[in-house]
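So this block is work14.txt, compact mmCIF, C-alpha atoms and all ligand atoms:
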# COMPACT_ATOMS: atom_id res chain seq x y z
CA MET A 28 0.00 0.00 0.00
CA ARG A 29 1.19 3.53 -0.72
CA LYS A 30 1.28 4.85 2.82
CA GLY A 31 1.45 8.64 3.13
CA HIS A 32 2.03 10.82 6.16
CA GLU A 33 1.39 9.68 9.70
CA ILE A 34 -2.02 10.93 10.89
CA ALA A 35 -2.04 9.73 14.49
CA ARG A 36 -0.13 7.45 16.85
CA GLY A 37 -1.59 5.52 19.81
CA LYS A 38 0.06 3.32 22.43
CA THR A 39 -0.06 0.25 20.18
CA LYS A 40 -0.81 1.48 16.65
CA VAL A 41 -0.05 4.10 14.01
CA LEU A 42 -2.45 5.56 11.45
CA TYR A 43 -1.22 6.72 8.03
CA GLU A 44 -2.76 8.53 5.09
CA LEU A 45 -3.27 6.49 1.92
CA GLU A 46 -1.82 8.34 -1.04
CA GLY A 47 -4.44 9.43 -3.55
CA GLN A 48 -7.37 8.22 -1.42
CA PRO A 49 -8.39 10.94 1.05
CA ASP A 50 -11.36 8.91 2.40
CA MET A 51 -9.12 6.02 3.48
CA ALA A 52 -6.35 5.42 6.01
CA VAL A 53 -3.89 2.63 6.82
CA VAL A 54 -3.71 1.20 10.37
CA MET A 55 -0.55 -0.58 11.49
CA GLN A 56 -0.58 -2.34 14.85
CA GLY A 57 2.77 -2.43 16.64
CA ASP A 58 4.59 -4.92 18.85
CA ALA A 59 4.01 -2.99 22.11
CA ILE A 60 1.89 -4.43 24.90
CA THR A 61 0.88 -1.98 27.61
CA ALA A 62 -1.18 -1.89 30.79
CA GLY A 63 -2.15 0.63 33.44
CA ASP A 64 -2.67 3.45 30.89
CA GLY A 65 0.87 2.94 29.59
CA ALA A 66 2.51 2.64 33.04
CA ARG A 67 3.69 -0.88 32.07
CA ARG A 68 5.03 -1.34 28.56
CA ASP A 69 6.85 -4.21 26.86
CA VAL A 70 7.67 -5.24 23.35
CA MET A 71 6.49 -8.63 22.13
CA ASP A 72 8.03 -9.50 18.79
CA GLY A 73 5.31 -10.29 16.27
CA LYS A 74 2.42 -8.99 18.39
CA GLY A 75 1.53 -6.38 15.73
CA ARG A 76 1.08 -9.08 13.09
CA ILE A 77 -1.07 -11.20 15.42
CA ALA A 78 -3.14 -8.21 16.55
CA ALA A 79 -3.75 -7.09 12.94
CA GLN A 80 -4.91 -10.60 12.05
CA THR A 81 -7.27 -10.76 15.02
CA THR A 82 -8.67 -7.27 14.35
CA SER A 83 -9.20 -7.79 10.63
CA ARG A 84 -10.87 -11.17 11.17
CA VAL A 85 -13.19 -9.72 13.79
CA PHE A 86 -14.07 -6.72 11.62
CA ARG A 87 -14.61 -8.89 8.54
CA LEU A 88 -17.12 -10.93 10.55
CA LEU A 89 -18.89 -7.77 11.74
CA ASN A 90 -19.02 -6.39 8.16
CA LEU A 91 -20.50 -9.68 6.92
CA CYS A 92 -23.21 -9.37 9.57
CA GLY A 93 -24.04 -5.89 8.24
CA LEU A 94 -22.69 -3.79 11.10
CA PRO A 95 -21.31 -0.42 9.94
CA THR A 96 -17.55 -0.46 10.60
CA HIS A 97 -14.53 1.45 9.31
CA TYR A 98 -12.81 -1.75 8.09
CA HIS A 99 -12.26 -2.17 4.37
CA ASN A 100 -9.68 -4.92 3.92
CA GLY A 101 -6.14 -6.08 4.68
CA GLY A 102 -4.34 -7.04 7.86
CA GLU A 103 -4.95 -10.77 7.56
CA ASP A 104 -2.24 -12.09 5.33
CA ASP A 105 1.33 -11.36 4.43
CA ASP A 106 0.71 -7.64 3.97
CA ASN A 107 2.92 -5.99 6.61
CA ASN A 108 -0.07 -5.85 8.99
CA GLU A 109 -1.54 -3.01 6.96
CA MET A 110 -5.26 -2.64 7.42
CA LEU A 111 -7.18 -0.37 5.08
CA VAL A 112 -9.97 1.56 6.82
CA ARG A 113 -12.32 4.49 6.17
CA ARG A 114 -11.02 7.70 7.72
CA CYS A 115 -12.96 8.71 10.82
CA GLN A 116 -13.07 11.40 13.44
CA MET A 117 -12.80 9.31 16.57
CA LEU A 118 -15.00 10.01 19.60
CA PRO A 119 -12.89 10.16 22.78
CA LEU A 120 -14.88 7.31 24.35
CA GLU A 121 -14.37 3.66 25.18
CA VAL A 122 -17.66 1.77 25.14
CA VAL A 123 -17.58 -1.33 27.31
CA VAL A 124 -20.18 -4.10 27.14
CA ARG A 125 -20.29 -6.66 29.92
CA GLY A 126 -22.06 -10.01 29.92
CA ILE A 127 -20.24 -11.42 32.96
CA ALA A 128 -19.14 -9.51 36.08
CA ALA A 129 -15.35 -9.04 36.18
CA GLY A 130 -12.66 -6.38 36.05
CA SER A 131 -13.47 -2.84 37.12
CA PHE A 132 -17.20 -3.67 37.26
CA ALA A 133 -16.56 -6.34 39.90
CA ARG A 134 -14.39 -3.88 41.83
CA ARG A 135 -17.08 -1.17 41.71
CA HIS A 136 -19.88 -3.59 42.59
CA PRO A 137 -18.42 -5.86 45.32
CA ASP A 138 -21.96 -7.04 46.13
CA VAL A 139 -22.27 -8.69 42.68
CA PRO A 140 -20.55 -12.11 42.66
CA ARG A 141 -17.58 -12.21 40.29
CA GLY A 142 -18.52 -14.27 37.25
CA ALA A 143 -22.27 -13.51 37.59
CA ILE A 144 -24.14 -13.37 34.28
CA LEU A 145 -25.23 -9.81 33.47
CA ALA A 146 -28.52 -9.65 31.59
CA PRO A 147 -29.46 -7.23 30.22
CA ARG A 148 -25.88 -6.47 29.27
CA VAL A 149 -24.20 -3.63 31.13
CA ILE A 150 -23.04 -0.85 28.82
CA GLU A 151 -20.60 1.70 30.18
CA PHE A 152 -18.86 4.70 28.66
CA PHE A 153 -15.33 5.70 29.68
CA LEU A 154 -13.68 8.97 28.68
CA LYS A 155 -10.35 8.44 26.88
CA ASP A 156 -8.06 10.37 29.18
CA ASP A 157 -4.90 8.48 30.22
CA ALA A 158 -3.85 11.21 32.66
CA ASN A 159 -7.08 10.60 34.64
CA HIS A 160 -7.10 6.81 34.05
CA ASP A 161 -10.00 6.79 31.55
CA PRO A 162 -12.77 7.67 34.03
CA LEU A 163 -16.34 6.35 33.78
CA ILE A 164 -18.53 9.03 32.18
CA THR A 165 -22.32 9.33 32.39
CA GLN A 166 -24.52 9.83 29.35
CA ALA A 167 -25.57 13.22 30.76
CA GLU A 168 -21.93 14.30 30.89
CA ILE A 169 -21.28 13.06 27.34
CA LEU A 170 -24.18 15.26 26.20
CA ALA A 171 -23.22 18.23 28.37
CA ARG A 172 -19.66 18.12 27.03
CA ARG A 173 -21.04 17.80 23.48
CA ILE A 174 -19.01 14.66 22.84
CA ALA A 175 -21.98 12.95 21.18
CA THR A 176 -25.68 13.58 20.49
CA PRO A 177 -28.50 11.57 22.18
CA ASP A 178 -29.03 9.63 18.93
CA GLU A 179 -25.32 8.85 18.70
CA ILE A 180 -25.32 7.58 22.30
CA SER A 181 -28.24 5.25 21.46
CA THR A 182 -26.54 4.10 18.26
CA MET A 183 -23.25 3.41 20.07
CA SER A 184 -25.04 1.45 22.79
CA GLU A 185 -26.97 -0.58 20.21
CA TYR A 186 -23.96 -1.31 17.96
CA ALA A 187 -21.71 -2.10 20.94
CA ARG A 188 -24.28 -4.52 22.37
CA ILE A 189 -24.79 -6.22 18.99
CA THR A 190 -21.00 -6.49 18.56
CA TYR A 191 -20.79 -8.16 21.95
CA GLU A 192 -23.63 -10.59 21.09
CA ILE A 193 -22.07 -11.51 17.73
CA LEU A 194 -18.64 -12.13 19.25
CA ALA A 195 -20.14 -13.94 22.26
CA HIS A 196 -21.95 -16.22 19.79
CA ALA A 197 -18.72 -16.89 17.84
CA TRP A 198 -16.71 -17.55 21.02
CA GLY A 199 -19.56 -19.56 22.55
CA ARG A 200 -19.38 -22.01 19.64
CA ARG A 201 -15.82 -22.75 20.77
CA ASP A 202 -16.88 -23.10 24.40
CA VAL A 203 -15.23 -19.81 25.33
CA ALA A 204 -17.16 -17.20 27.34
CA LEU A 205 -16.83 -13.60 26.18
CA VAL A 206 -16.81 -11.81 29.51
CA ASP A 207 -16.58 -8.20 28.38
CA LEU A 208 -15.49 -6.13 25.43
CA LYS A 209 -14.25 -2.61 24.69
CA VAL A 210 -15.04 -0.88 21.40
CA GLU A 211 -14.62 2.62 20.01
CA PHE A 212 -16.55 4.67 17.47
CA GLY A 213 -15.78 7.30 14.87
CA ARG A 214 -17.74 9.51 12.48
CA LEU A 215 -16.89 8.92 8.81
CA ALA A 216 -14.70 11.89 7.90
CA SER A 217 -15.65 12.16 4.23
CA GLY A 218 -17.17 10.34 1.28
CA GLU A 219 -20.32 8.20 1.32
CA ASN A 220 -22.36 8.53 4.55
CA LYS A 221 -20.01 11.25 5.80
CA GLY A 222 -20.65 12.00 9.48
CA SER A 223 -22.36 8.69 10.28
CA LEU A 224 -21.14 6.60 13.21
CA VAL A 225 -19.18 3.43 12.58
CA LEU A 226 -17.39 0.95 14.76
CA ALA A 227 -13.72 1.87 14.46
CA ASP A 228 -10.29 1.47 16.08
CA VAL A 229 -9.18 -2.15 16.64
CA ILE A 230 -10.75 -5.18 18.32
CA ASP A 231 -8.06 -7.65 19.31
CA ASN A 232 -6.98 -9.79 22.24
CA ASP A 233 -6.37 -6.60 24.27
CA SER A 234 -10.00 -5.53 23.88
CA TRP A 235 -11.85 -8.31 25.68
CA ARG A 236 -11.78 -10.88 28.43
CA ILE A 237 -12.26 -14.45 27.23
CA TRP A 238 -12.60 -17.41 29.58
CA PRO A 239 -12.45 -20.91 28.00
CA GLN A 240 -15.13 -23.16 29.54
CA GLY A 241 -16.26 -20.08 31.49
CA ARG A 242 -13.18 -20.43 33.73
CA GLU A 243 -11.23 -17.33 34.66
CA ASP A 244 -8.12 -19.42 35.46
CA LEU A 245 -7.98 -20.46 31.78
CA ALA A 246 -8.22 -16.85 30.47
CA LEU A 247 -6.40 -16.21 27.17
CA ASP A 248 -6.55 -12.42 27.00
CA LYS A 249 -4.44 -9.44 28.04
CA GLN A 250 -5.54 -9.71 31.70
CA ASN A 251 -2.74 -12.27 32.15
CA TYR A 252 -0.24 -9.52 31.24
CA ARG A 253 -1.95 -6.96 33.50
CA ASN A 254 -1.81 -9.48 36.37
CA LEU A 255 1.95 -10.24 36.09
CA GLU A 256 3.83 -9.32 39.26
CA THR A 257 7.09 -9.17 37.33
CA VAL A 258 7.42 -9.33 33.60
CA THR A 259 9.84 -12.08 32.53
CA ASP A 260 10.72 -13.34 29.04
CA GLU A 261 9.07 -16.69 29.86
CA ALA A 262 5.85 -14.96 30.93
CA LEU A 263 5.84 -12.85 27.74
CA ASP A 264 6.39 -16.00 25.64
CA ARG A 265 3.40 -17.69 27.32
CA ILE A 266 1.25 -14.64 26.70
CA LYS A 267 2.35 -14.48 23.07
CA ASP A 268 1.37 -18.14 22.63
CA ASP A 269 -2.10 -17.28 23.93
CA TYR A 270 -2.35 -14.33 21.52
CA GLU A 271 -1.41 -16.63 18.66
CA SER A 272 -4.00 -19.27 19.54
CA VAL A 273 -6.65 -16.58 19.89
CA SER A 274 -5.82 -15.22 16.42
CA LEU A 275 -6.08 -18.76 15.02
CA MET A 276 -9.44 -19.37 16.70
CA VAL A 277 -10.78 -16.04 15.44
CA SER A 278 -9.79 -16.98 11.88
CA SER A 279 -12.69 -19.43 11.77
CA PHE A 280 -15.26 -16.85 12.98
CA PRO A 281 -16.23 -15.47 9.57
CA GLN A 282 -16.14 -18.85 7.82
CA LEU A 283 -19.44 -19.49 6.16
CA ARG A 284 -20.79 -23.01 6.12
CA PRO A 285 -23.55 -22.32 3.64
CA GLY A 286 -27.04 -22.52 5.06
CA ILE A 287 -29.82 -23.46 2.66
CA VAL A 288 -33.54 -22.97 3.03
CA ALA A 289 -35.42 -25.49 0.89
CA ILE A 290 -38.74 -23.84 0.07
CA ILE A 291 -41.29 -26.54 -0.71
CA LEU A 292 -44.48 -25.17 -2.25
CA ASP A 293 -47.62 -27.26 -1.77
CA GLY A 294 -49.12 -26.66 -5.21
CA ALA A 295 -48.82 -24.22 -8.12
CA GLU A 296 -51.07 -21.71 -6.33
CA TYR A 297 -48.18 -20.94 -3.95
CA VAL A 298 -45.65 -19.91 -6.61
CA ASP A 299 -46.18 -16.14 -6.16
CA ALA A 300 -46.09 -16.42 -2.37
CA GLY A 301 -42.90 -18.45 -2.77
CA GLU A 302 -41.31 -15.53 -4.64
CA THR A 303 -42.18 -13.06 -1.87
CA PHE A 304 -40.93 -15.48 0.75
CA ALA A 305 -37.65 -15.96 -1.16
CA ARG A 306 -37.12 -12.18 -1.15
CA ALA A 307 -37.69 -12.05 2.62
CA LEU A 308 -35.14 -14.84 3.10
CA GLY A 309 -32.68 -13.06 0.79
CA ARG A 310 -32.17 -10.34 3.41
CA PHE A 311 -30.32 -12.88 5.54
CA GLY A 312 -28.10 -13.86 2.61
CA LEU A 313 -29.25 -17.48 2.82
CA GLY A 314 -28.97 -19.90 -0.06
CA LEU A 315 -32.29 -21.12 -1.43
CA ALA A 316 -33.62 -24.21 -3.16
CA ARG A 317 -37.19 -24.14 -4.49
CA GLN A 318 -39.44 -27.06 -5.38
CA VAL A 319 -43.13 -27.50 -5.95
CA THR A 320 -45.16 -30.61 -5.17
CA THR A 321 -48.62 -31.39 -3.89
CA ALA A 322 -48.68 -33.34 -0.68
CA GLY A 323 -52.39 -34.23 -0.86
CA ARG A 324 -52.31 -35.65 -4.38
CA MET A 325 -48.72 -36.94 -4.54
CA PRO A 326 -47.45 -37.69 -1.03
CA ASP A 327 -44.77 -40.03 -2.42
CA HIS A 328 -43.46 -37.29 -4.71
CA ALA A 329 -43.19 -34.90 -1.73
CA ALA A 330 -41.39 -37.51 0.36
CA THR A 331 -38.92 -38.43 -2.41
CA MET A 332 -38.21 -34.77 -3.10
CA ALA A 333 -37.47 -34.13 0.59
CA ALA A 334 -35.20 -37.18 0.90
CA SER A 335 -33.29 -36.20 -2.23
CA LEU A 336 -32.75 -32.58 -1.05
CA ASP A 337 -31.61 -33.91 2.32
CA ALA A 338 -29.08 -36.19 0.62
CA ASN A 339 -27.85 -33.58 -1.89
CA PHE A 340 -27.20 -30.88 0.71
CA LYS A 341 -25.41 -33.06 3.25
CA ARG A 342 -22.50 -30.61 3.43
CA HIS A 343 -24.84 -27.71 4.10
CA ARG A 344 -27.08 -26.87 6.98
CA LEU A 345 -30.61 -27.29 5.69
CA VAL A 346 -34.00 -26.04 6.83
CA PHE A 347 -37.22 -27.03 5.08
CA ALA A 348 -39.84 -24.31 4.72
CA ALA A 349 -43.23 -25.84 3.97
CA VAL A 350 -45.33 -23.21 2.18
CA CYS A 351 -48.84 -24.57 2.45
CA GLY A 352 -52.36 -24.13 3.79
CA ALA A 353 -53.44 -24.83 7.36
CA GLY A 354 -54.54 -28.48 6.95
CA SER A 355 -51.73 -29.61 4.62
CA ALA A 356 -49.87 -32.88 5.16
CA LEU A 357 -46.67 -31.36 3.73
CA PRO A 358 -45.01 -30.35 7.05
CA ALA A 359 -45.58 -33.84 8.50
CA ILE A 360 -44.17 -35.53 5.37
CA LEU A 361 -41.04 -33.35 5.50
CA GLU A 362 -40.71 -33.88 9.23
CA HIS A 363 -40.83 -37.68 8.95
CA THR A 364 -38.77 -38.24 5.80
CA THR A 365 -35.75 -36.12 6.77
CA GLY A 366 -33.78 -35.34 9.89
CA GLN A 367 -33.83 -31.61 9.14
CA PRO A 368 -35.85 -28.92 10.91
CA VAL A 369 -39.10 -27.87 9.26
CA VAL A 370 -40.68 -24.40 9.42
CA ARG A 371 -44.36 -24.32 8.42
CA PHE A 372 -45.58 -21.16 6.66
CA ASP A 373 -49.14 -20.41 5.56
CA PRO A 374 -49.00 -17.35 3.28
CA ALA A 375 -52.73 -16.70 3.96
CA SER A 376 -51.69 -15.57 7.43
CA GLY A 377 -49.14 -13.05 6.02
CA GLY A 378 -46.01 -12.71 8.11
CA PHE A 379 -43.45 -13.40 5.35
CA ASP A 380 -40.70 -11.58 7.28
CA GLU A 381 -41.49 -13.42 10.52
CA ALA A 382 -41.39 -16.80 8.75
CA ALA A 383 -38.06 -15.87 7.12
CA LEU A 384 -36.71 -14.85 10.53
CA ARG A 385 -37.78 -18.23 11.98
CA CYS A 386 -35.81 -20.04 9.25
CA ALA A 387 -32.78 -17.76 9.75
CA LYS A 388 -32.83 -18.34 13.51
CA VAL A 389 -32.63 -22.09 13.03
CA LEU A 390 -29.54 -21.66 10.82
CA ALA A 391 -28.14 -18.98 13.17
CA LEU A 392 -27.64 -21.58 15.88
CA ASP A 393 -24.32 -22.53 14.35
CA ASP A 394 -23.63 -19.69 11.92
CA THR A 395 -22.48 -16.46 13.54
CA VAL A 396 -22.93 -14.43 10.33
CA VAL A 397 -26.62 -15.38 10.06
CA PHE A 398 -27.01 -14.81 13.81
CA GLY A 399 -25.52 -11.31 13.45
CA ARG A 400 -27.78 -10.53 10.50
CA THR A 401 -30.89 -11.43 12.52
CA LEU A 402 -29.78 -8.99 15.25
CA LEU A 403 -28.96 -6.24 12.75
CA LEU A 404 -32.27 -6.56 10.86
CA ASP A 405 -34.13 -6.36 14.18
CA ALA A 406 -32.15 -3.26 15.13
CA GLN A 407 -32.87 -1.66 11.75
CA ALA A 408 -36.60 -2.32 12.18
CA ARG A 409 -36.48 -0.61 15.58
CA ALA A 410 -34.54 2.35 14.14
CA GLN A 411 -37.13 2.73 11.36
CA VAL A 412 -39.97 2.92 13.91
CA LEU A 413 -38.09 5.55 15.93
CA ALA A 414 -37.35 7.57 12.78
CA LEU A 415 -41.02 7.38 11.75
CA ASN A 416 -42.10 8.48 15.22
CA ALA A 417 -39.68 11.42 15.08
CA GLN A 418 -41.10 12.35 11.67
CA LEU A 419 -44.71 12.20 12.91
CA ASN A 420 -43.89 14.35 15.89
CA ALA A 421 -41.53 16.78 14.18
CA PRO A 422 -42.34 20.35 15.19
CA PRO A 423 -44.07 22.26 12.39
CA PRO A 424 -41.76 24.46 10.34
CA PRO A 425 -41.56 28.02 11.68
CA PRO A 426 -44.09 30.34 10.01
CA GLN A 427 -42.85 32.60 7.24
CA PRO A 428 -42.37 36.17 8.44
CA GLY A 429 -45.60 38.09 7.99
CA THR A 430 -47.83 34.95 8.03
CA ALA A 431 -51.05 35.47 9.99
CA PHE A 432 -52.03 32.92 12.68
CA ALA A 433 -55.63 31.69 12.68
P1 LIG B 501 -12.45 -3.05 32.86
O1 LIG B 501 -13.22 -1.74 32.94
O2 LIG B 501 -13.18 -4.16 33.53
O3 LIG B 501 -11.02 -2.92 33.30
O4 LIG B 501 -12.35 -3.42 31.32
C1 LIG B 501 -13.52 -3.78 30.59
C2 LIG B 501 -13.12 -4.34 29.23
O5 LIG B 501 -12.56 -3.30 28.43
C3 LIG B 501 -12.07 -5.42 29.29
O6 LIG B 501 -12.35 -6.39 28.30
C4 LIG B 501 -10.77 -4.72 28.96
O7 LIG B 501 -9.87 -5.60 28.29
C5 LIG B 501 -11.24 -3.62 28.01
N1 LIG B 501 -10.45 -2.41 28.18
C6 LIG B 501 -10.53 -1.51 29.18
N2 LIG B 501 -9.65 -0.48 28.98
C7 LIG B 501 -9.01 -0.75 27.82
C8 LIG B 501 -7.98 -0.07 27.07
O8 LIG B 501 -7.48 0.99 27.41
N3 LIG B 501 -7.57 -0.68 25.91
C9 LIG B 501 -8.11 -1.87 25.48
N4 LIG B 501 -7.67 -2.40 24.35
N5 LIG B 501 -9.09 -2.50 26.16
C10 LIG B 501 -9.53 -1.97 27.32
Do you think you could lay out the structure here as structure tokens?
Ligand code: 5GP
Amino acid sequence: MRKGHEIARGKTKVLYELEGQPDMAVVMQGDAITAGDGARRDVMDGKGRIAAQTTSRVFRLLNLCGLPTHYHNGGEDDDNNEMLVRRCQMLPLEVVVRGIAAGSFARRHPDVPRGAILAPRVIEFFLKDDANHDPLITQAEILARRIATPDEISTMSEYARITYEILAHAWGRRDVALVDLKVEFGRLASGENKGSLVLADVIDNDSWRIWPQGREDLALDKQNYRNLETVTDEALDRIKDDYESVSLMVSSFPQLRPGIVAIILDGAEYVDAGETFARALGRFGLGLARQVTTAGRMPDHAATMAASLDANFKRHRLVFAAVCGAGSALPAILEHTTGQPVVRFDPASGGFDEAALRCAKVLALDDTVVFGRTLLLDAQARAQVLALNAQLNAPPPPPQPGTAFA
């Protein structure tokens, strides 16, 4: 990449301009590992490469789920750890999401047992201010200091929580508990969607606490470095090994094992409804197979079709969607001729999006990308309602000067 001038330098990374592309920047993560707001600092050869791999894999997963992030590409392979990102104006905030009580939360809430599940998730904002040890900051203070608007605070909370849930899902599939997570946000500095908030900075093994089998004594994250009484070469080697295994585990997060929804229409009269249903499923990016049969007249045909789809898609995860009327035998035939889950959908009752969501949720059980998309689509639906409400209740435009009031 044609790196230009240095834009900014943090404790563990440097940001450069990208020549000829003013909307983009290059992030390079360095080999430093720090704790206590920089009070402890060591160099771990190769940490920058590992951190760039972890960050880019995490961000690629989040992009696939549809979350707005600054990440474009790079950082994963033999590319000098250079990650290409959209340029942002960073907000001076760390947004922490907690699903399990630990760290500074456990210290501030000694009455909550360490390791307790936190639901709903706890979302906290910290002001980035090393000199004052990144103090906790209230939403009122964020507003009063004009760091962010009320809408931006809601958006950050929502995106941070969804990020936590997506990563907790991915880690959970490897029997690792995501305890807490720190993320940061920026406003896109230029170009498309200029000014809108995106998840930015880095997300690597410094940004979270991860406990294999839910056990703190097996933790693989930076807390082991923070906890060292004295830093020795052996201790740093052990910690580097952990960072490497984490990067390797994260590499499988965005892997897609294709999920297929087999839409089985119970008669020609369902072809149009099948089209609408396919569009609703398309929003989750799921693969589709479509077949038409008639369970009442040709039960054997329906059963053979189901068995053959089941056999042909053995390397996929498959869900059958039976599009049929209320009394149809189709769902039962599918249920008893295959080992795959069956979602029944009667188009007469409407609810195409809900039926598509039911199919996606079945596949989301072991596909983090589909899981993330279900969360994002839900969040977008909520945002649309809030935007509509704001529109309905917008104050009327001020009267033109000289206009008479009735
Ligand atoms: P705590 O407030 O419990 O110390 O930290 C909460 C979470 O945020 C932990 O996952 C921790 O690793 C992360 N975190 C807190 N401060 C920082 C920071 O300055 N840099 C990074 N990378 N992560 C942090």
>> Around ligand LIG 501 (chain B), out to 9 Å and counting only C-alpha atoms and all ligand atoms, which residues are there? I want them as a count of residues only.
In response: 42
> Residues at most 10 Å from stretch 67-75 of chain A, counting all atoms listed in the file, excluding those fewer than 5 positions away in the same chain, as a PyMOL selection string?
Replying inline: chain A and resi 38-40+55-62+80-81+102+107-109+252-253+258+260+263-264+266-267+270-271
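Taking atom CA of A:Asp299 and atom CA of A:Ala349 as endpoints, the distance between them is 14.3 Å.
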> In Å, with one decimal, what is the gap from atom CA of A:Gln318 to atom CA of A:Asp405?
Replying inline: 29.0 Å
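Distances from A:Val41, A:Phe379, A:Val370, A:Leu194 to A:Arg306 were compared using all atoms listed in the file, and the smallest one belongs to A:Phe379.
For the pair atom CA of A:Cys92 and atom CA of A:Gly399, the interatomic distance is 4.9 Å.
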Set out as a Markdown table a contact list for stretch 322-397 of chain A and stretch 279-297 of chain A with a cut-off of 10 Å, giving each residue of stretch 322-397 of chain A that qualifies its closest atom pair and distance in Å to one decimal, counting only C-alpha atoms, ordered by chain and rising residue number.
| residue | atom | partner | partner_atom | distance |
| --- | --- | --- | --- | --- |
| A:Ala322 | CA | A:Asp293 | CA | 6.3 |
| A:Gly323 | CA | A:Asp293 | CA | 8.5 |
| A:Arg324 | CA | A:Gly294 | CA | 9.6 |
| A:Ala329 | CA | A:Ile291 | CA | 8.6 |
| A:Met332 | CA | A:Ile291 | CA | 9.1 |
| A:Ala333 | CA | A:Ile291 | CA | 8.6 |
| A:Leu336 | CA | A:Ala289 | CA | 7.8 |
| A:Asp337 | CA | A:Ala289 | CA | 9.4 |
| A:Phe340 | CA | A:Ile287 | CA | 8.1 |
| A:Arg342 | CA | A:Arg284 | CA | 8.2 |
| A:His343 | CA | A:Pro285 | CA | 5.6 |
| A:Arg344 | CA | A:Gly286 | CA | 4.8 |
| A:Leu345 | CA | A:Ile287 | CA | 4.9 |
| A:Val346 | CA | A:Val288 | CA | 4.9 |
| A:Phe347 | CA | A:Ala289 | CA | 4.8 |
| A:Ala348 | CA | A:Ile290 | CA | 4.8 |
| A:Ala349 | CA | A:Ile291 | CA | 5.1 |
| A:Val350 | CA | A:Leu292 | CA | 4.9 |
| A:Cys351 | CA | A:Asp293 | CA | 5.2 |
| A:Gly352 | CA | A:Asp293 | CA | 7.9 |
| A:Ser355 | CA | A:Asp293 | CA | 8.0 |
| A:Ala356 | CA | A:Asp293 | CA | 9.2 |
| A:Leu357 | CA | A:Asp293 | CA | 6.9 |
| A:Pro358 | CA | A:Ile291 | CA | 9.4 |
| A:Leu361 | CA | A:Ile291 | CA | 9.2 |
| A:Val369 | CA | A:Ala289 | CA | 9.4 |
| A:Val370 | CA | A:Ile290 | CA | 9.6 |
| A:Arg371 | CA | A:Ile291 | CA | 9.9 |
| A:Phe372 | CA | A:Leu292 | CA | 9.8 |
| A:Asp373 | CA | A:Tyr297 | CA | 9.6 |
| A:Pro374 | CA | A:Tyr297 | CA | 8.1 |
| A:Ala383 | CA | A:Val288 | CA | 9.4 |
| A:Cys386 | CA | A:Val288 | CA | 7.2 |
| A:Ala387 | CA | A:Val288 | CA | 8.5 |
| A:Val389 | CA | A:Gly286 | CA | 9.7 |
| A:Leu390 | CA | A:Gly286 | CA | 6.3 |
| A:Ala391 | CA | A:Gly286 | CA | 8.9 |
| A:Asp393 | CA | A:Arg284 | CA | 9.0 |
| A:Asp394 | CA | A:Leu283 | CA | 7.1 |
| A:Thr395 | CA | A:Phe280 | CA | 7.3 |
| A:Val396 | CA | A:Pro281 | CA | 6.8 |
| A:Val397 | CA | A:Gly286 | CA | 8.7 |
For those residues, write C-alpha atoms to a file as an mmCIF file, keeping the file's coordinate frame.
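Resulting contents of selection.cif:
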data_model
loop_
_atom_site.group_PDB
_atom_site.id
_atom_site.type_symbol
_atom_site.label_atom_id
_atom_site.label_comp_id
_atom_site.auth_asym_id
_atom_site.auth_seq_id
_atom_site.Cartn_x
_atom_site.Cartn_y
_atom_site.Cartn_z
ATOM 1 C CA ALA A 322 -48.680 -33.340 -0.680
ATOM 2 C CA GLY A 323 -52.390 -34.230 -0.860
ATOM 3 C CA ARG A 324 -52.310 -35.650 -4.380
ATOM 4 C CA ALA A 329 -43.190 -34.900 -1.730
ATOM 5 C CA MET A 332 -38.210 -34.770 -3.100
ATOM 6 C CA ALA A 333 -37.470 -34.130 0.590
ATOM 7 C CA LEU A 336 -32.750 -32.580 -1.050
ATOM 8 C CA ASP A 337 -31.610 -33.910 2.320
ATOM 9 C CA PHE A 340 -27.200 -30.880 0.710
ATOM 10 C CA ARG A 342 -22.500 -30.610 3.430
ATOM 11 C CA HIS A 343 -24.840 -27.710 4.100
ATOM 12 C CA ARG A 344 -27.080 -26.870 6.980
ATOM 13 C CA LEU A 345 -30.610 -27.290 5.690
ATOM 14 C CA VAL A 346 -34.000 -26.040 6.830
ATOM 15 C CA PHE A 347 -37.220 -27.030 5.080
ATOM 16 C CA ALA A 348 -39.840 -24.310 4.720
ATOM 17 C CA ALA A 349 -43.230 -25.840 3.970
ATOM 18 C CA VAL A 350 -45.330 -23.210 2.180
ATOM 19 C CA CYS A 351 -48.840 -24.570 2.450
ATOM 20 C CA GLY A 352 -52.360 -24.130 3.790
ATOM 21 C CA SER A 355 -51.730 -29.610 4.620
ATOM 22 C CA ALA A 356 -49.870 -32.880 5.160
ATOM 23 C CA LEU A 357 -46.670 -31.360 3.730
ATOM 24 C CA PRO A 358 -45.010 -30.350 7.050
ATOM 25 C CA LEU A 361 -41.040 -33.350 5.500
ATOM 26 C CA VAL A 369 -39.100 -27.870 9.260
ATOM 27 C CA VAL A 370 -40.680 -24.400 9.420
ATOM 28 C CA ARG A 371 -44.360 -24.320 8.420
ATOM 29 C CA PHE A 372 -45.580 -21.160 6.660
ATOM 30 C CA ASP A 373 -49.140 -20.410 5.560
ATOM 31 C CA PRO A 374 -49.000 -17.350 3.280
ATOM 32 C CA ALA A 383 -38.060 -15.870 7.120
ATOM 33 C CA CYS A 386 -35.810 -20.040 9.250
ATOM 34 C CA ALA A 387 -32.780 -17.760 9.750
ATOM 35 C CA VAL A 389 -32.630 -22.090 13.030
ATOM 36 C CA LEU A 390 -29.540 -21.660 10.820
ATOM 37 C CA ALA A 391 -28.140 -18.980 13.170
ATOM 38 C CA ASP A 393 -24.320 -22.530 14.350
ATOM 39 C CA ASP A 394 -23.630 -19.690 11.920
ATOM 40 C CA THR A 395 -22.480 -16.460 13.540
ATOM 41 C CA VAL A 396 -22.930 -14.430 10.330
ATOM 42 C CA VAL A 397 -26.620 -15.380 10.060
#
